[in-house]
Amino acid sequence: MKRIAIFGASGYLGTYLVDVARKFGFEPISFVRVNSTISIQLENNSEIRLVDVTSPSTLIGQLDDCDYVISTVGITRQKDGLSYDDIDYQANMNILCEAQSAGISKFMYTSVFKGAEHQEVGLCEAKERFVKQLQVSGIDYCVVRPTGFFSDMLEFLQMAQKGSVHLFEQGKQRINPIHGQDLAEAMINLFRIGLPSFIQNEVPIGGPKIFTYRQIAEQAFSVIGQPTKVRYYPEWLRRCAIFMGKKCLSESSFGPYEFFLTFAAVEMVAPKYGSHQLEAFFAESKRGQS
């Protein structure tokens with residue numbers, strides 16, 4: 001049985017990867033932060049290894065009994081005083097160096113759809129700098145590029161519950177976000193079917209349905225049983241917010257907003273995959289709040 005080291009196993013995508021890897025006949029090894037919540041992995045009976053990916057010494061020897069590596073390591077909400085360079089670049093470099101030492105044959109990494117086209121964004125710059133190192137590492141690699149997660153779309157549900165959704169340019173940009181389980185199945189399937197897609201190296205992927213941001217707002221309001229209320233803002237205001245934010249705020253404060261404001265104007269449509277539906281996800285999330 002092949003053993004897959006999954007870094008970021010306690011995160012949104014990581015928890016699905018652990019489940020799906022086992023379902024597809026692999027043995028997942030869950031790598032999580034020393035201070036992270038690991039109850040989900042305990043319930044799944046996966047082997048857990050506590051590491052600090054920012055400290056290379058904690059990784060020494062940890063991959064010697066593994067065959068493949070998946071890294072979902074990255075900052076979604078900046079905290080602990082760590083930067084994109086610390087986590088999205090250097091922490092992944094620490095994992096990659098240990099993978100090279102351990103003779104890992106396949107390395108899969110999750111980045112951002114169209115991230116290489118928007119390296120003016122701090123998060124994308126750090127991720128793409130790591131991708132360049134992965135490309136010359138000598139390890140057979142695959143960079144998976146999802147358009148966005150269903151969990152990211154919860155921002156729409158939360159805004160709707162507060163009374164209105166805020167969008168730019170009439171909310172006309174399109175995206176096909178993907179559920180974590182669908183993405184996990186697609187990723188593990190790349191290993192299961194004999195890795196032909198690793199030859200491709202880059203795998204852009206989205207969910208089964210394409211929406212405008214306006215349509216996502218409508219679904220959010222439908223789930224809470226309220227009429228759609230959207231406030232639109234002009235493009236010049238979005239550009240001004242990015243300029244002033246980068247000029248006046250620190251990366252740790254502005255980084256997540258820079259990412260959101262930039263990609264709010266980007267068409268995020270990738271090849272379709274999966275079966276989970278966004279409206280059902282919103283409804284389930286709302287029930288979980290009760």
# chains A, B, ... in the order shown; residues from 1 in each chain; ligands from 1
call {"tool": "residues_around", "arguments": {"residues": "region 162-166 of chain A", "least_positions_apart": "2", "cutoff": "12 Å", "atoms": "only C-alpha atoms", "output": "mmCIF file with N, CA, C and O atoms, in the first residue's frame"}}
result
data_model
loop_
_atom_site.group_PDB
_atom_site.id
_atom_site.type_symbol
_atom_site.label_atom_id
_atom_site.label_comp_id
_atom_site.auth_asym_id
_atom_site.auth_seq_id
_atom_site.Cartn_x
_atom_site.Cartn_y
_atom_site.Cartn_z
ATOM 1 N N MET A 153 -16.811 30.668 -0.722
ATOM 2 C CA MET A 153 -18.073 31.298 -1.113
ATOM 3 C C MET A 153 -18.969 31.589 0.092
ATOM 4 O O MET A 153 -19.981 32.272 -0.036
ATOM 5 N N LEU A 154 -18.589 31.071 1.263
ATOM 6 C CA LEU A 154 -19.368 31.362 2.468
ATOM 7 C C LEU A 154 -19.370 32.852 2.792
ATOM 8 O O LEU A 154 -20.243 33.327 3.529
ATOM 9 N N GLU A 155 -18.403 33.583 2.238
ATOM 10 C CA GLU A 155 -18.402 35.039 2.414
ATOM 11 C C GLU A 155 -19.706 35.644 1.884
ATOM 12 O O GLU A 155 -20.253 36.589 2.468
ATOM 13 N N PHE A 156 -20.218 35.075 0.796
ATOM 14 C CA PHE A 156 -21.478 35.558 0.228
ATOM 15 C C PHE A 156 -22.635 35.282 1.181
ATOM 16 O O PHE A 156 -23.508 36.128 1.387
ATOM 17 N N LEU A 157 -22.659 34.081 1.760
ATOM 18 C CA LEU A 157 -23.716 33.724 2.698
ATOM 19 C C LEU A 157 -23.668 34.627 3.927
ATOM 20 O O LEU A 157 -24.713 35.095 4.411
ATOM 21 N N GLN A 158 -22.475 34.885 4.412
ATOM 22 C CA GLN A 158 -22.334 35.733 5.593
ATOM 23 C C GLN A 158 -22.773 37.163 5.307
ATOM 24 O O GLN A 158 -23.427 37.804 6.143
ATOM 25 N N MET A 159 -22.414 37.686 4.114
ATOM 26 C CA MET A 159 -22.869 39.030 3.748
ATOM 27 C C MET A 159 -24.380 39.072 3.615
ATOM 28 O O MET A 159 -25.041 40.015 4.065
ATOM 29 N N ALA A 160 -24.968 38.045 3.002
ATOM 30 C CA ALA A 160 -26.421 37.994 2.827
ATOM 31 C C ALA A 160 -27.120 37.993 4.180
ATOM 32 O O ALA A 160 -28.142 38.667 4.369
ATOM 33 N N PHE A 168 -18.454 44.201 -7.224
ATOM 34 C CA PHE A 168 -17.916 45.184 -8.168
ATOM 35 C C PHE A 168 -18.454 44.901 -9.570
ATOM 36 O O PHE A 168 -18.693 43.745 -9.944
ATOM 37 N N GLU A 169 -18.622 45.971 -10.340
ATOM 38 C CA GLU A 169 -18.950 45.856 -11.760
ATOM 39 C C GLU A 169 -20.142 44.941 -12.030
ATOM 40 O O GLU A 169 -20.088 44.039 -12.869
ATOM 41 N N GLN A 170 -21.220 45.158 -11.291
ATOM 42 C CA GLN A 170 -22.469 44.417 -11.498
ATOM 43 C C GLN A 170 -22.344 42.915 -11.239
ATOM 44 O O GLN A 170 -23.229 42.142 -11.596
ATOM 45 N N GLY A 171 -21.245 42.497 -10.633
ATOM 46 C CA GLY A 171 -21.079 41.085 -10.312
ATOM 47 C C GLY A 171 -21.071 40.182 -11.525
ATOM 48 O O GLY A 171 -21.490 39.020 -11.463
ATOM 49 N N TYR A 213 -20.827 36.234 -10.048
ATOM 50 C CA TYR A 213 -20.870 36.549 -8.620
ATOM 51 C C TYR A 213 -22.273 36.995 -8.213
ATOM 52 O O TYR A 213 -22.712 36.739 -7.083
ATOM 53 N N ARG A 214 -22.992 37.620 -9.124
ATOM 54 C CA ARG A 214 -24.379 37.987 -8.856
ATOM 55 C C ARG A 214 -25.223 36.737 -8.595
ATOM 56 O O ARG A 214 -26.042 36.699 -7.673
ATOM 57 N N GLN A 215 -25.018 35.704 -9.379
ATOM 58 C CA GLN A 215 -25.779 34.471 -9.202
ATOM 59 C C GLN A 215 -25.453 33.781 -7.878
ATOM 60 O O GLN A 215 -26.329 33.190 -7.249
ATOM 61 N N ILE A 216 -24.195 33.858 -7.451
ATOM 62 C CA ILE A 216 -23.837 33.292 -6.153
ATOM 63 C C ILE A 216 -24.562 34.053 -5.036
ATOM 64 O O ILE A 216 -25.067 33.460 -4.078
ATOM 65 N N ALA A 217 -24.620 35.381 -5.170
ATOM 66 C CA ALA A 217 -25.355 36.186 -4.191
ATOM 67 C C ALA A 217 -26.822 35.782 -4.155
ATOM 68 O O ALA A 217 -27.419 35.647 -3.079
ATOM 69 N N GLU A 218 -27.411 35.565 -5.322
ATOM 70 C CA GLU A 218 -28.817 35.155 -5.382
ATOM 71 C C GLU A 218 -29.037 33.814 -4.680
ATOM 72 O O GLU A 218 -30.039 33.628 -3.973
ATOM 73 N N GLN A 219 -28.097 32.882 -4.861
ATOM 74 C CA GLN A 219 -28.226 31.588 -4.188
ATOM 75 C C GLN A 219 -28.139 31.750 -2.672
ATOM 76 O O GLN A 219 -28.874 31.095 -1.925
ATOM 77 N N ALA A 220 -27.258 32.618 -2.224
ATOM 78 C CA ALA A 220 -27.116 32.841 -0.785
ATOM 79 C C ALA A 220 -28.410 33.397 -0.190
ATOM 80 O O ALA A 220 -28.875 32.929 0.867
ATOM 81 N N PHE A 221 -28.999 34.375 -0.858
ATOM 82 C CA PHE A 221 -30.251 34.940 -0.355
ATOM 83 C C PHE A 221 -31.394 33.932 -0.429
ATOM 84 O O PHE A 221 -32.266 33.898 0.444
ATOM 85 N N ILE A 224 -31.309 31.675 2.662
ATOM 86 C CA ILE A 224 -31.771 32.274 3.920
ATOM 87 C C ILE A 224 -33.206 32.786 3.815
ATOM 88 O O ILE A 224 -33.756 33.308 4.794
ATOM 89 N N GLY A 225 -33.810 32.642 2.630
ATOM 90 C CA GLY A 225 -35.203 33.019 2.462
ATOM 91 C C GLY A 225 -35.461 34.506 2.453
ATOM 92 O O GLY A 225 -36.519 34.977 2.894
ATOM 93 N N GLN A 226 -34.524 35.265 1.922
ATOM 94 C CA GLN A 226 -34.653 36.717 1.851
ATOM 95 C C GLN A 226 -34.515 37.189 0.405
ATOM 96 O O GLN A 226 -33.844 36.540 -0.401
ATOM 97 N N PRO A 227 -35.150 38.317 0.049
ATOM 98 C CA PRO A 227 -34.981 38.858 -1.305
ATOM 99 C C PRO A 227 -33.543 39.305 -1.537
ATOM 100 O O PRO A 227 -32.861 39.749 -0.606
ATOM 101 N N THR A 228 -33.082 39.158 -2.755
ATOM 102 C CA THR A 228 -31.701 39.518 -3.091
ATOM 103 C C THR A 228 -31.482 41.015 -2.960
ATOM 104 O O THR A 228 -32.242 41.818 -3.510
ATOM 105 N N LYS A 229 -30.437 41.372 -2.232
ATOM 106 C CA LYS A 229 -30.056 42.774 -2.087
ATOM 107 C C LYS A 229 -28.562 42.885 -2.312
ATOM 108 O O LYS A 229 -27.770 42.403 -1.502
ATOM 109 N N VAL A 230 -28.191 43.497 -3.428
ATOM 110 C CA VAL A 230 -26.781 43.618 -3.800
ATOM 111 C C VAL A 230 -26.424 45.085 -3.967
ATOM 112 O O VAL A 230 -27.170 45.845 -4.600
ATOM 113 N N ARG A 231 -25.288 45.447 -3.420
ATOM 114 C CA ARG A 231 -24.767 46.793 -3.615
ATOM 115 C C ARG A 231 -23.556 46.696 -4.545
ATOM 116 O O ARG A 231 -22.638 45.931 -4.286
ATOM 117 N N TYR A 232 -23.582 47.503 -5.601
ATOM 118 C CA TYR A 232 -22.511 47.457 -6.589
ATOM 119 C C TYR A 232 -21.581 48.654 -6.422
ATOM 120 O O TYR A 232 -22.015 49.767 -6.111
ATOM 121 N N TYR A 233 -20.288 48.395 -6.670
ATOM 122 C CA TYR A 233 -19.276 49.437 -6.553
ATOM 123 C C TYR A 233 -18.502 49.527 -7.867
ATOM 124 O O TYR A 233 -18.287 48.517 -8.547
ATOM 125 N N PRO A 234 -18.067 50.727 -8.237
ATOM 126 C CA PRO A 234 -17.389 50.906 -9.531
ATOM 127 C C PRO A 234 -15.975 50.333 -9.542
ATOM 128 O O PRO A 234 -15.338 50.178 -8.493
ATOM 129 N N ARG A 238 -12.387 49.759 -6.746
ATOM 130 C CA ARG A 238 -11.618 48.535 -6.492
ATOM 131 C C ARG A 238 -10.128 48.781 -6.705
ATOM 132 O O ARG A 238 -9.294 48.403 -5.875
ATOM 133 N N LEU A 261 -9.693 41.500 -3.673
ATOM 134 C CA LEU A 261 -9.960 42.628 -4.567
ATOM 135 C C LEU A 261 -9.398 42.387 -5.963
ATOM 136 O O LEU A 261 -9.999 42.802 -6.962
ATOM 137 N N ALA A 264 -11.515 39.510 -7.711
ATOM 138 C CA ALA A 264 -12.914 39.874 -7.938
ATOM 139 C C ALA A 264 -13.136 40.343 -9.363
ATOM 140 O O ALA A 264 -14.272 40.341 -9.859
#
call {"tool": "residues_around", "arguments": {"residues": "region 119-133 of chain A", "least_positions_apart": "5", "cutoff": "12 Å", "atoms": "only C-alpha atoms", "output": "VMD selection string"}}
result
chain A and resid 71 to 78 83 to 97 107 to 114 138 to 139 141 to 145 201 to 202 242 to 243 245 to 246 250 to 263
call {"tool": "closest_residue", "arguments": {"among": "A:Leu183, A:Ile175, A:Val203, A:Ile210", "to": "Met268 (chain A)", "atoms": "only C-alpha atoms"}}
result
A:Ile175
call {"tool": "residues_around", "arguments": {"residues": "region 271-283 of chain A", "least_positions_apart": "5", "cutoff": "8 Å", "atoms": "only C-alpha atoms", "output": "PDB file with C-alpha atoms, in the first residue's frame"}}
result
ATOM      1  CA  PHE A 150     -17.006  26.288  -1.747  1.00  0.00           C
ATOM      2  CA  LEU A 154     -19.368  31.362   2.468  1.00  0.00           C
ATOM      3  CA  LEU A 157     -23.716  33.724   2.698  1.00  0.00           C
ATOM      4  CA  ASN A 176     -16.853  27.712 -10.970  1.00  0.00           C
ATOM      5  CA  ILE A 178     -15.254  23.408  -6.277  1.00  0.00           C
ATOM      6  CA  HIS A 179     -16.194  21.449  -3.183  1.00  0.00           C
ATOM      7  CA  ASP A 182     -14.581  16.793  -5.273  1.00  0.00           C
ATOM      8  CA  LEU A 183     -11.134  18.381  -5.449  1.00  0.00           C
ATOM      9  CA  ALA A 186      -9.586  14.552  -8.404  1.00  0.00           C
ATOM     10  CA  PRO A 204      -6.479  23.711 -13.554  1.00  0.00           C
ATOM     11  CA  ILE A 205      -9.784  22.591 -12.058  1.00  0.00           C
ATOM     12  CA  GLY A 206     -13.166  23.976 -11.044  1.00  0.00           C
ATOM     13  CA  GLY A 207     -16.553  22.747  -9.937  1.00  0.00           C
ATOM     14  CA  PRO A 208     -19.424  21.420 -12.072  1.00  0.00           C
ATOM     15  CA  LYS A 209     -21.311  24.718 -12.468  1.00  0.00           C
ATOM     16  CA  GLN A 219     -28.226  31.588  -4.188  1.00  0.00           C
ATOM     17  CA  ALA A 220     -27.116  32.841  -0.785  1.00  0.00           C
ATOM     18  CA  VAL A 223     -31.010  29.801   1.121  1.00  0.00           C
TER      19      VAL A 223
END
call {"tool": "closest_residue", "arguments": {"among": "A:Gly81, A:Gly103, A:Gly115, A:Pro28", "to": "Asp64 (chain A)", "atoms": "only C-alpha atoms"}}
result
A:Gly103
call {"tool": "select_by_dssp", "arguments": {"residues": "region 123-217 of chain A", "states": "strand (DSSP E)", "output": "list in words"}}
result
Asp140, Tyr141, Cys142, Val143, Val144, Arg145, Pro146, Val165, His166, Leu167, Phe168, Arg174, Ile175, Glu202, Val203, Pro204, Ile205, Phe211 and Thr212 of chain A
call {"tool": "residues_around", "arguments": {"residues": "Gly180 (chain A)", "least_positions_apart": "3", "cutoff": "7 Å", "atoms": "only C-alpha atoms", "output": "PDB file with C-alpha atoms, in the first residue's frame"}}
result
ATOM      1  CA  TYR A  12     -10.464  22.345   4.750  1.00  0.00           C
ATOM      2  CA  LEU A  13      -8.999  20.452   1.803  1.00  0.00           C
ATOM      3  CA  TYR A  16     -11.019  15.478   2.587  1.00  0.00           C
ATOM      4  CA  PHE A 149     -13.371  26.473  -2.754  1.00  0.00           C
ATOM      5  CA  LEU A 183     -11.134  18.381  -5.449  1.00  0.00           C
ATOM      6  CA  ALA A 184      -9.665  15.760  -3.109  1.00  0.00           C
TER       7      ALA A 184
END
call {"tool": "select_by_dssp", "arguments": {"residues": "region 15-254 of chain A", "states": "helix (DSSP H, G or I)", "output": "PyMOL selection string"}}
result
chain A and resi 15-23+39-43+56-59+84-102+115-117+122-135+150-162+169-171+180-192+196-199+213-224+235-248+251-254
call {"tool": "closest_residue", "arguments": {"among": "A:Ser10, A:Gln161, A:Ser46, A:Ser105", "to": "Arg33 (chain A)", "atoms": "only C-alpha atoms"}}
result
A:Ser10
call {"tool": "closest_residue", "arguments": {"among": "A:Leu249, A:Thr58, A:Glu235, A:Val269", "to": "Pro177 (chain A)", "atoms": "only C-alpha atoms"}}
result
A:Val269
call {"tool": "residues_around", "arguments": {"residues": "Phe24 (chain A)", "least_positions_apart": "4", "cutoff": "9 Å", "atoms": "only C-alpha atoms", "output": "PyMOL selection string"}}
result
chain A and resi 19-20+185+188-189+192
call {"tool": "atom_distance", "arguments": {"atom1": "CA of Phe211 (chain A)", "atom2": "CA of Leu17 (chain A)"}}
result
25.6 Å
call {"tool": "closest_residue", "arguments": {"among": "A:Val34, A:Ala241, A:Leu63, A:Met1", "to": "Val51 (chain A)", "atoms": "only C-alpha atoms"}}
result
A:Val34
call {"tool": "atom_distance", "arguments": {"atom1": "CA of Ile104 (chain A)", "atom2": "CA of Ile29 (chain A)"}}
result
13.9 Å
call {"tool": "decode", "arguments": {"residues": "region 79-94 of chain A", "atoms": "N, CA, C and O atoms", "output": "PDB file, in the first residue's frame"}}
result
ATOM      1  N   LYS A  79      -1.982  35.089  10.416  1.00  0.00           N
ATOM      2  CA  LYS A  79      -1.954  35.146  11.871  1.00  0.00           C
ATOM      3  C   LYS A  79      -0.582  34.691  12.343  1.00  0.00           C
ATOM      4  O   LYS A  79       0.269  34.301  11.559  1.00  0.00           O
ATOM      5  N   ASP A  80      -0.376  34.748  13.637  1.00  0.00           N
ATOM      6  CA  ASP A  80       0.883  34.308  14.252  1.00  0.00           C
ATOM      7  C   ASP A  80       2.083  35.103  13.773  1.00  0.00           C
ATOM      8  O   ASP A  80       3.223  34.686  13.971  1.00  0.00           O
ATOM      9  N   GLY A  81       1.856  36.230  13.103  1.00  0.00           N
ATOM     10  CA  GLY A  81       2.965  37.056  12.656  1.00  0.00           C
ATOM     11  C   GLY A  81       3.746  36.489  11.494  1.00  0.00           C
ATOM     12  O   GLY A  81       4.810  37.005  11.150  1.00  0.00           O
ATOM     13  N   LEU A  82       3.239  35.428  10.869  1.00  0.00           N
ATOM     14  CA  LEU A  82       3.930  34.798   9.744  1.00  0.00           C
ATOM     15  C   LEU A  82       3.468  35.408   8.424  1.00  0.00           C
ATOM     16  O   LEU A  82       2.323  35.815   8.275  1.00  0.00           O
ATOM     17  N   SER A  83       4.381  35.438   7.456  1.00  0.00           N
ATOM     18  CA  SER A  83       4.096  36.064   6.165  1.00  0.00           C
ATOM     19  C   SER A  83       3.888  35.007   5.088  1.00  0.00           C
ATOM     20  O   SER A  83       4.128  33.816   5.299  1.00  0.00           O
ATOM     21  N   TYR A  84       3.451  35.444   3.910  1.00  0.00           N
ATOM     22  CA  TYR A  84       3.342  34.535   2.766  1.00  0.00           C
ATOM     23  C   TYR A  84       4.708  33.936   2.445  1.00  0.00           C
ATOM     24  O   TYR A  84       4.807  32.764   2.081  1.00  0.00           O
ATOM     25  N   ASP A  85       5.749  34.741   2.578  1.00  0.00           N
ATOM     26  CA  ASP A  85       7.092  34.224   2.320  1.00  0.00           C
ATOM     27  C   ASP A  85       7.451  33.121   3.316  1.00  0.00           C
ATOM     28  O   ASP A  85       8.066  32.114   2.948  1.00  0.00           O
ATOM     29  N   ASP A  86       7.044  33.290   4.577  1.00  0.00           N
ATOM     30  CA  ASP A  86       7.334  32.293   5.606  1.00  0.00           C
ATOM     31  C   ASP A  86       6.637  30.967   5.333  1.00  0.00           C
ATOM     32  O   ASP A  86       7.227  29.896   5.528  1.00  0.00           O
ATOM     33  N   ILE A  87       5.376  31.026   4.904  1.00  0.00           N
ATOM     34  CA  ILE A  87       4.556  29.815   4.791  1.00  0.00           C
ATOM     35  C   ILE A  87       4.430  29.340   3.348  1.00  0.00           C
ATOM     36  O   ILE A  87       4.834  28.216   3.006  1.00  0.00           O
ATOM     37  N   ASP A  88       3.878  30.179   2.490  1.00  0.00           N
ATOM     38  CA  ASP A  88       3.591  29.728   1.121  1.00  0.00           C
ATOM     39  C   ASP A  88       4.865  29.439   0.333  1.00  0.00           C
ATOM     40  O   ASP A  88       4.848  28.595  -0.569  1.00  0.00           O
ATOM     41  N   TYR A  89       5.937  30.121   0.667  1.00  0.00           N
ATOM     42  CA  TYR A  89       7.211  29.810   0.004  1.00  0.00           C
ATOM     43  C   TYR A  89       8.114  28.954   0.882  1.00  0.00           C
ATOM     44  O   TYR A  89       8.354  27.778   0.588  1.00  0.00           O
ATOM     45  N   GLN A  90       8.612  29.500   1.988  1.00  0.00           N
ATOM     46  CA  GLN A  90       9.682  28.821   2.713  1.00  0.00           C
ATOM     47  C   GLN A  90       9.230  27.515   3.358  1.00  0.00           C
ATOM     48  O   GLN A  90       9.970  26.522   3.341  1.00  0.00           O
ATOM     49  N   ALA A  91       8.054  27.479   3.952  1.00  0.00           N
ATOM     50  CA  ALA A  91       7.594  26.235   4.579  1.00  0.00           C
ATOM     51  C   ALA A  91       7.470  25.129   3.538  1.00  0.00           C
ATOM     52  O   ALA A  91       7.853  23.973   3.789  1.00  0.00           O
ATOM     53  N   ASN A  92       6.973  25.467   2.364  1.00  0.00           N
ATOM     54  CA  ASN A  92       6.881  24.465   1.303  1.00  0.00           C
ATOM     55  C   ASN A  92       8.261  24.070   0.794  1.00  0.00           C
ATOM     56  O   ASN A  92       8.488  22.913   0.429  1.00  0.00           O
ATOM     57  N   MET A  93       9.194  25.013   0.789  1.00  0.00           N
ATOM     58  CA  MET A  93      10.567  24.668   0.431  1.00  0.00           C
ATOM     59  C   MET A  93      11.166  23.685   1.440  1.00  0.00           C
ATOM     60  O   MET A  93      11.889  22.754   1.061  1.00  0.00           O
ATOM     61  N   ASN A  94      10.848  23.876   2.712  1.00  0.00           N
ATOM     62  CA  ASN A  94      11.336  22.944   3.732  1.00  0.00           C
ATOM     63  C   ASN A  94      10.801  21.535   3.482  1.00  0.00           C
ATOM     64  O   ASN A  94      11.533  20.544   3.607  1.00  0.00           O
TER      65      ASN A  94
END
